[in-house]
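In what follows, a structure is listed as C-alpha cells, so that the remarks can point back to it.
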Amino acid sequence: MSHYDWSKFSLKIDIRATPLAVYYAWATQANLESWFLRKAVFTTPDGKIRDENTPVQPGDTYLWRWHGYDDKTQEKGRVLDLNGKDLFKFTFAGECEVTVTCKLHEGRTILELVQEKIPMDEISKVRLHMGCNSGWTFYITNLKSIMEGGLDLRNKNVNIKHVVSS
C-alpha cells in the first residue's frame, strides 16, 4: 500500500486556446479578474501598484479578493517565478507554492496546476490540500469555460454563501 502525499496535489485541464493565451490569463490583474478574482492588486518590489494590464514580475506581491466574499476574505502572497510564455509560480495560502504550466498537447493546451509545500498537520490537510484542491478545480474549470466562449460560473453574490462557485 502506498502512502498518500498530503504535501502536494496536481490538477490538469485541457483548454481550447494557445498556451500563451492561457499563460496570460494568469499574468495580469485584468485577466485574473476576468475568470478568477473580484480584485487583484499587484505591487512591485519598490512599492508601486502595477497597472492592471501590465504583466506581473517575480518579486511582486499581491492582494486577492474573491466574488461571493467580503473584503475580510483575502489572500496575500508573492510572485516567485514566471517566464512570459508557459510558467507562473506564486505563494498561496501562507507558504504553499503554486506552479501553473501551459503546454500544447494534441492541439489543446494542458494547464497543470501543482500546489506544494502544504504543511502536514491535520488542519492543513483539510483546508490547504482538500479545500484548495476543490477551489482550484472550480476556478480552472471556470477559466476553461470563459476561454472557450462559455459562461462565467462564479457566484458574485456575497449573500449566497458556502457554494462551490465562490
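Each chain in the C-alpha cells gets a letter, A, B, ..., in the order shown, and its residues are numbered from 1; ligands are numbered from 1 in order too.
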Residue set, segment 61-143 of chain A restricted to strand (DSSP E or B), as a ChimeraX atom specification: /A:61-65,74-82,87-92,96-105,108-116
Selection from above, N, CA and C atoms, as a CSV table (one decimal), in the first residue's frame, can you write it?
chain,number,residue,atom,x,y,z
A,61,THR,N,4.3,41.5,-5.1
A,61,THR,CA,3.4,40.9,-4.0
A,61,THR,C,2.0,41.1,-4.5
A,62,TYR,N,1.1,40.4,-4.0
A,62,TYR,CA,-0.3,40.5,-4.4
A,62,TYR,C,-1.3,40.5,-3.2
A,63,LEU,N,-2.4,41.1,-3.5
A,63,LEU,CA,-3.6,41.0,-2.6
A,63,LEU,C,-4.8,40.6,-3.5
A,64,TRP,N,-5.4,39.5,-3.1
A,64,TRP,CA,-6.5,39.0,-3.9
A,64,TRP,C,-7.8,38.9,-3.1
A,65,ARG,N,-8.9,39.2,-3.8
A,65,ARG,CA,-10.2,39.1,-3.1
A,65,ARG,C,-11.2,38.4,-4.1
A,74,GLN,N,-9.3,37.6,2.1
A,74,GLN,CA,-8.3,38.0,1.1
A,74,GLN,C,-7.1,37.1,1.2
A,75,GLU,N,-6.3,37.1,0.2
A,75,GLU,CA,-5.1,36.3,0.1
A,75,GLU,C,-4.0,37.2,-0.2
A,76,LYS,N,-2.9,37.1,0.5
A,76,LYS,CA,-1.7,37.9,0.2
A,76,LYS,C,-0.5,36.9,-0.1
A,77,GLY,N,0.3,37.3,-1.0
A,77,GLY,CA,1.4,36.4,-1.4
A,77,GLY,C,2.3,37.1,-2.3
A,78,ARG,N,3.2,36.3,-2.9
A,78,ARG,CA,4.2,36.9,-3.8
A,78,ARG,C,4.4,36.1,-5.1
A,79,VAL,N,4.8,36.7,-6.1
A,79,VAL,CA,5.1,36.1,-7.4
A,79,VAL,C,6.6,35.6,-7.2
A,80,LEU,N,6.7,34.3,-7.4
A,80,LEU,CA,8.1,33.7,-7.3
A,80,LEU,C,8.8,33.6,-8.6
A,81,ASP,N,8.1,33.2,-9.7
A,81,ASP,CA,8.8,33.0,-11.0
A,81,ASP,C,7.7,33.0,-12.1
A,82,LEU,N,8.2,33.4,-13.2
A,82,LEU,CA,7.4,33.3,-14.5
A,82,LEU,C,8.3,33.5,-15.6
A,87,LEU,N,4.9,29.4,-17.8
A,87,LEU,CA,5.2,29.1,-16.4
A,87,LEU,C,4.9,30.3,-15.5
A,88,PHE,N,4.1,30.1,-14.5
A,88,PHE,CA,3.7,31.1,-13.5
A,88,PHE,C,3.7,30.5,-12.1
A,89,LYS,N,4.5,31.0,-11.2
A,89,LYS,CA,4.7,30.4,-9.9
A,89,LYS,C,4.5,31.5,-8.8
A,90,PHE,N,3.7,31.1,-7.7
A,90,PHE,CA,3.5,32.1,-6.7
A,90,PHE,C,3.2,31.4,-5.4
A,91,THR,N,3.3,32.1,-4.3
A,91,THR,CA,3.0,31.6,-3.0
A,91,THR,C,1.4,31.7,-2.9
A,92,PHE,N,0.9,30.8,-2.0
A,92,PHE,CA,-0.6,30.8,-1.8
A,92,PHE,C,-0.8,30.1,-0.5
A,96,CYS,N,2.6,27.9,1.0
A,96,CYS,CA,2.5,26.9,-0.1
A,96,CYS,C,2.9,27.6,-1.4
A,97,GLU,N,3.4,26.8,-2.3
A,97,GLU,CA,3.7,27.3,-3.7
A,97,GLU,C,2.9,26.6,-4.7
A,98,VAL,N,2.4,27.5,-5.6
A,98,VAL,CA,1.5,27.0,-6.7
A,98,VAL,C,2.3,27.3,-8.0
A,99,THR,N,2.4,26.3,-8.8
A,99,THR,CA,3.1,26.4,-10.1
A,99,THR,C,2.1,26.0,-11.2
A,100,VAL,N,1.9,27.0,-12.1
A,100,VAL,CA,1.0,26.7,-13.3
A,100,VAL,C,1.8,26.7,-14.5
A,101,THR,N,1.7,25.6,-15.3
A,101,THR,CA,2.3,25.4,-16.6
A,101,THR,C,1.3,25.2,-17.7
A,102,CYS,N,1.7,25.6,-18.9
A,102,CYS,CA,0.7,25.5,-20.0
A,102,CYS,C,1.5,24.9,-21.2
A,103,LYS,N,1.1,23.7,-21.6
A,103,LYS,CA,1.8,23.0,-22.7
A,103,LYS,C,0.9,22.5,-23.7
A,104,LEU,N,1.3,22.6,-25.0
A,104,LEU,CA,0.5,22.2,-26.1
A,104,LEU,C,0.5,20.7,-26.2
A,105,HIS,N,-0.6,20.0,-26.3
A,105,HIS,CA,-0.7,18.5,-26.4
A,105,HIS,C,-1.9,18.2,-27.2
A,108,ARG,N,-4.4,20.9,-28.0
A,108,ARG,CA,-5.0,21.6,-26.9
A,108,ARG,C,-3.9,22.1,-25.9
A,109,THR,N,-4.2,23.1,-25.2
A,109,THR,CA,-3.3,23.5,-24.1
A,109,THR,C,-3.7,22.7,-22.9
A,110,ILE,N,-2.7,22.0,-22.3
A,110,ILE,CA,-2.9,21.4,-21.0
A,110,ILE,C,-2.4,22.3,-19.9
A,111,LEU,N,-3.3,22.8,-19.1
A,111,LEU,CA,-2.9,23.6,-18.0
A,111,LEU,C,-2.7,22.6,-16.8
A,112,GLU,N,-1.5,22.7,-16.2
A,112,GLU,CA,-1.3,21.9,-15.0
A,112,GLU,C,-1.0,22.8,-13.8
A,113,LEU,N,-1.7,22.6,-12.8
A,113,LEU,CA,-1.6,23.4,-11.5
A,113,LEU,C,-1.1,22.5,-10.5
A,114,VAL,N,0.0,22.8,-9.8
A,114,VAL,CA,0.6,22.0,-8.7
A,114,VAL,C,0.7,22.9,-7.5
A,115,GLN,N,0.0,22.5,-6.4
A,115,GLN,CA,0.2,23.2,-5.2
A,115,GLN,C,1.0,22.3,-4.3
A,116,GLU,N,2.1,22.8,-3.7
A,116,GLU,CA,3.0,22.0,-2.9
A,116,GLU,C,3.5,22.8,-1.7
Sorted by chain and rising residue number, list the residues of segment 17-113 of chain A at most 8 Å from segment 139-152 of chain A (counting only C-alpha atoms), each with its closest atom pair and distance in Å to one decimal, as a tab-separated table.
residue	atom	partner	partner_atom	distance
A:Ala17	CA	A:Met147	CA	7.0
A:Trp35	CA	A:Leu143	CA	5.5
A:Phe36	CA	A:Tyr139	CA	6.1
Since we have the selection now, will you write its residues out, keeping C-alpha atoms, as an mmCIF file, in the first residue's frame?
data_model
loop_
_atom_site.group_PDB
_atom_site.id
_atom_site.type_symbol
_atom_site.label_atom_id
_atom_site.label_comp_id
_atom_site.auth_asym_id
_atom_site.auth_seq_id
_atom_site.Cartn_x
_atom_site.Cartn_y
_atom_site.Cartn_z
ATOM 1 C CA ALA A 17 -6.632 28.115 -26.562
ATOM 2 C CA TRP A 35 -12.141 34.449 -14.552
ATOM 3 C CA PHE A 36 -10.778 34.097 -11.011
#
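Of the residues under consideration (A:Val163, A:Arg16, A:Gly84, A:Asn157), A:Asn157 shows the shortest atom-to-atom contact distance to Asp70 of chain A when counting only C-alpha atoms.
Omitting segment 3-8 of chain A and its sequence neighbours fewer than 2 positions away, and counting only C-alpha atoms, the residues within 10 Å are Met1, Ser10, Cys96, Glu97, Val98, Val114, Gln115, Glu116, Lys117, Ile118, Pro119, Met120, Asp121, Glu122, Ser124, Lys125, Val126, Leu128, His129, Met130 and Asn133 of chain A.
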Got a sec: who's within 8 Å of segment 50-54 of chain A, counting only C-alpha atoms, leaving out chain neighbours fewer than 4 positions off, as a PyMOL selection string? chain A and resi 28-31+41-44
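The gap separating atom CA of Pro45 of chain A from atom CA of Thr73 of chain A is 23.7 Å, in Å to one decimal.
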Write down as a ChimeraX atom specification the residues belonging to chain A that are assigned alpha helix (DSSP H) by DSSP computed on the backbone. /A:19-27,29-35,122-124,132-147
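Comparing A:Gly68, A:Ile49, A:Val22, A:Lys85 by their smallest distance to Leu153 of chain A, the closest is A:Gly68 (using only C-alpha atoms).
Distance annotation: of A:Thr18, A:Thr137, A:Ser34, A:Asn159, the residue with the minimal separation from Gly107 of chain A is A:Thr18; atom set is only C-alpha atoms.
Note that the spacing between atom CA of Asp46 of chain A and atom CA of Trp66 of chain A amounts to 25.8 Å.
Between atom CA of Lys156 of chain A and atom CA of Glu33 of chain A there is a distance of 12.0 Å.
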Closest of A:Lys161, A:Trp26, A:Ser166, A:Arg154 to Ser134 of chain A - atom-to-atom distances counting only C-alpha atoms: A:Ser166
Extract, using only C-alpha atoms, all DNA, RNA and protein residues at most 7 Å from Ala27 of chain A, discarding same-chain residues fewer than 2 positions from it, and format them as a ChimeraX atom specification. /A:23-25,55-56
Would you mind exporting N, CA and C atoms of the selected residues as a PDB file, in the first residue's frame?
ATOM      1  N   TYR A  23      -1.461  31.220 -20.435  1.00  0.00           N
ATOM      2  CA  TYR A  23      -0.470  31.826 -19.551  1.00  0.00           C
ATOM      3  C   TYR A  23      -0.891  33.255 -19.182  1.00  0.00           C
ATOM      4  N   TYR A  24      -1.259  34.061 -20.179  1.00  0.00           N
ATOM      5  CA  TYR A  24      -1.609  35.460 -19.900  1.00  0.00           C
ATOM      6  C   TYR A  24      -2.896  35.601 -19.099  1.00  0.00           C
ATOM      7  N   ALA A  25      -3.712  34.571 -19.031  1.00  0.00           N
ATOM      8  CA  ALA A  25      -4.886  34.614 -18.148  1.00  0.00           C
ATOM      9  C   ALA A  25      -4.457  34.735 -16.690  1.00  0.00           C
ATOM     10  N   PRO A  55       1.925  42.890 -17.287  1.00  0.00           N
ATOM     11  CA  PRO A  55       2.260  41.581 -16.706  1.00  0.00           C
ATOM     12  C   PRO A  55       3.047  41.717 -15.402  1.00  0.00           C
ATOM     13  N   VAL A  56       2.719  40.857 -14.473  1.00  0.00           N
ATOM     14  CA  VAL A  56       3.412  40.845 -13.185  1.00  0.00           C
ATOM     15  C   VAL A  56       4.837  40.338 -13.379  1.00  0.00           C
TER      16      VAL A  56
END
Of the residues A:Pro58, A:Lys39, A:Gly47, A:Arg127, which is the one nearest to Asp71 of chain A, using only C-alpha atoms? A:Lys39
